[in-house]
Amino acid sequence: MMRPDNPLIVQSDRSLMLHTVVPALDGHGRPVKDAQGRPTTREHPRYAEARDQLALFAELEKSPDYLHTYRITPISVWNAAAMGLSAARIEEVLEEFSCVPVPRNVVSEIRGWIERYGLLRLEKREGQAAPYELVPAHSGQRDALRDVLGHQSVRALCQVDAQGRVFVPGEQRGAIKQALIKLGYPVDDRGGYIEGAAFPIALRAATRSGRPFGLRRYQAEAAQAFHAGGTVLGGSGVVVLPCGAGKTVVAMGVMNLIGTKTLILTTNTVAVRQWREELLDKTTLGPDDVGEYTGDEKHVSPITITTYQMLTWRRSKSEGFEHFDLFSRENWGLVVYDEVHLLPAPVFRVTADLQARRRLGLTATLVREDGKEDEVFCLIGPKRYDVPWKVLEQQGFIAAARCVEVRVPLDPSIREGYAAADARGKFRIASENPAKFAVIDRLIGMHKKCHVLVIGQYIDQIQALAQHLQAPLITGKTPTAERERLYAGFKSGAIEVLVVSKVGNFAIDLPDANVAIQISGTFGSRQEEAQRLGRILRPKSDGGPAVFYSVVTLGSRDQDFAQRRQLFLTEQGYTYEIVEAQTLPPVTASPTR
């Protein structure tokens with residue numbers, strides 16, 4: 001049925017085109033025009049509702065001003081299935097918002113993927129030489145089992161007895177899930193977990209400073225969705241929440257429910273210290289209960305926190321990873337993967353051997369720049385809980401944010417070099433456009449007495465910028481003690497402008513940061529955009545909003561990749577304002593602090 005007032009077009013290649021605007025009309029149904037006589041637009045009345053529904057099962061690919069493009073993929077549908085979404089509900093959403101008939105092949109593919117989710121199960125079998133059996137979810141569906149056994153990649157990982165039963169050795173539990181998802185069969189792993197060494201973890205009713213403490217409703221729901229009452233239906237998977245929404249607190253809720261020794265993996269030493277402080281502040285754990293395993297000190301305690309870099313360190317490429325034994329040094333009942341979208345390949349490999357332990361992934365976005373979303377899905381687990389960022393903003397749990405792209409002309413001094421460079425060179429030259437410095441002066445001048453975080457990709461650029469602004473700088477080479485001193489000064493207000501390299505993307509707690517200025521970034525990285533926006537989303541003590549600026553070079557490769565990063569902001573429901581640098585107010589005083 002044709003419904004021209006609807007915003008969505010579903011195409012047979014599983015791409016979805018969502019109209020964001022409609023022509024603006026006056027009370028007489030005539031087009032409204034701007035001062036130049038051009039027709040104007042307004043937001044499509046069903047755009048926001050459609051966007052929120054599509055985000056449950058489709059991936060946003062492009063987001064130009066008027067037409068957003070999504071794609072339905074097996075992983076997007078399987079994550080939806082793990083959250084309880086049915087094929088019928090997905091079809092209902094498509095039909096509800098589509099302005100033209102939904103292609104039948106798309107509906108058929110969605111049904112097929114939903115049916116394949118959990119079509120094969122891994123179940124525990126006591127008293128067998130191999131402890132797990134691969135079985136069809138229903139006795140009458142043995143065709144799937146016969147199908148996968150026809151592939152050597154699966155057959156080599158299991159044992160088939162005379163009755164045709166398929167057994168999987170314990171050490172192959174992760175590997176067979178990887179092999180099966182490549183064939184389009186995401187496994188429902190009900191093999192259970194090692195309980196781990198018991199270690200009760202109680203939550204405080206008040207923090208050490210006396211502030212009341214308790215899990216917010218969505219944090220408790222996330223912890224319970226992961227735990228699933230301690231049954232084999234839970235115990236592994238990913239919780240997706242915005243930066244600033246308290247993913248650390250969700251992990252504490254899970255630790256409280258499980259009550260075992262726990263290994264926590266995070267991104268850097270500063271994050272290790274912040275995790276430790278949070279645990280000591282909000283649980284009854286004592287200092288001896290929470291160990292730090294880093295380059296500075298190596299204490300293995302009932303709760304141990306380490307970094308991905310520490311676990312993947314080795315003396316040379318030909319030698320082994322010296323610290324991997326941390327995974328087996330204690331009888332861990334839970335492994336927490338902070339910023340799971342950054343999980344390095346070697347940790348994936350060892351995680352394949354950890355399938356008998358509960359695994360909790362925490363992230364603000366499931367997007368991985370290396371395309372390994374399927375590895376997260378089968379080795380850590382499916383998405384267990386997700387809340388749209390704008391929902392938490394509306395409820396006051398994260399700060400309201402404006403997102404602004406400021407476009408700067410290419411500085412005349414670098415035009416010749418830009419024209420002669422290859423694609424990669426063009427991106428870097430445009431990213432390091434020296435004309436950006438004057439724009440940052442103007443932006444800082446617009447936000448006097450704010451906590452301003454300036455984030456960049458290139459060390460030479462941010463070193464020069466920090467000197468220009470007379471502001472402190474944090475890079476990967478900044479000693480941990482100095483980083484902590486500068487972060488503390490920023491939190492207290494003694495430092496109002498802080499320049500950071502990409503180390504500022506990850507797991508740092510700067511609750512009062514309310515302005516972020518991105519001067520350069522990784523090639524179109526959506527996960528980086530999520531992390532950088534997240535640095536300013538913690539609720540402000542004055543209840544005020546936050547502003548996220550991206551300073552990009554007009555008409556360049558820098559602008560091209562900024563449009564890819566913008567996808568993340570659009571996914572989360574943020575409007576993305578674009579301004580020309582010359583429209584900013586002039587600096588009325590020195591922007592330095």
# chains A, B, ... in the order shown; residues from 1 in each chain; ligands from 1

$ residues_around --residues "region 489-504 of chain A" --least-positions-apart "5" --cutoff "9 Å" --atoms "only C-alpha atoms" --output "PyMOL selection string"
chain A and resi 268+444+448-459+462-463+465-466+469+471-476+484+510-513+521-522+528+531-532+535+592-593

$ select_by_dssp --residues "region 55-179 of chain A" --states "strand (DSSP E or B)" --output "list in words"
Glu59, Leu60, Glu61, Lys62, Leu67, His68, Thr69, Tyr70, Arg71, Ser98, Leu120, Arg121, Leu122, Glu123, Lys124, Tyr132, Glu133, Leu134, Val135, Pro136, Gln159, Val160, Val166, Phe167 and Val168 of chain A

$ residues_around --residues "Leu25 (chain A)" --least-positions-apart "6" --cutoff "10 Å" --atoms "only C-alpha atoms" --output "PyMOL selection string"
chain A and resi 31-33+39-42

$ residues_around --residues "Leu343 (chain A)" --least-positions-apart "6" --cutoff "12 Å" --atoms "only C-alpha atoms" --output "list of chain:residue names"
A:Leu265, A:Thr266, A:Thr267, A:Thr307, A:Tyr308, A:Gln309, A:Leu311, A:Thr312, A:Val336, A:Tyr337, A:Arg349, A:Val350, A:Thr351, A:Gly361, A:Leu362, A:Thr363, A:Leu366, A:Val367, A:Arg368, A:Glu369, A:Asp370, A:Gly371, A:Lys372, A:Glu373, A:Glu375, A:Val376, A:Leu379, A:Ile380

$ closest_atom_pairs --of "region 322-412 of chain A" --to "region 559-563 of chain A" --cutoff "10 Å" --atoms "only C-alpha atoms" --output "JSON lines"
{"residue": "A:Glu405", "atom": "CA", "partner": "A:Ala562", "partner_atom": "CA", "distance": 8.6}
{"residue": "A:Arg407", "atom": "CA", "partner": "A:Gln559", "partner_atom": "CA", "distance": 8.0}
{"residue": "A:Val408", "atom": "CA", "partner": "A:Gln559", "partner_atom": "CA", "distance": 9.7}

$ closest_residue --among "A:Ala488, A:Val21, A:Ala80, A:Leu54" --to "Gln274 (chain A)" --atoms "only C-alpha atoms"
A:Ala488

$ closest_residue --among "A:Ala581, A:Val270, A:Met255, A:Cys243" --to "Leu392 (chain A)" --atoms "only C-alpha atoms"
A:Cys243
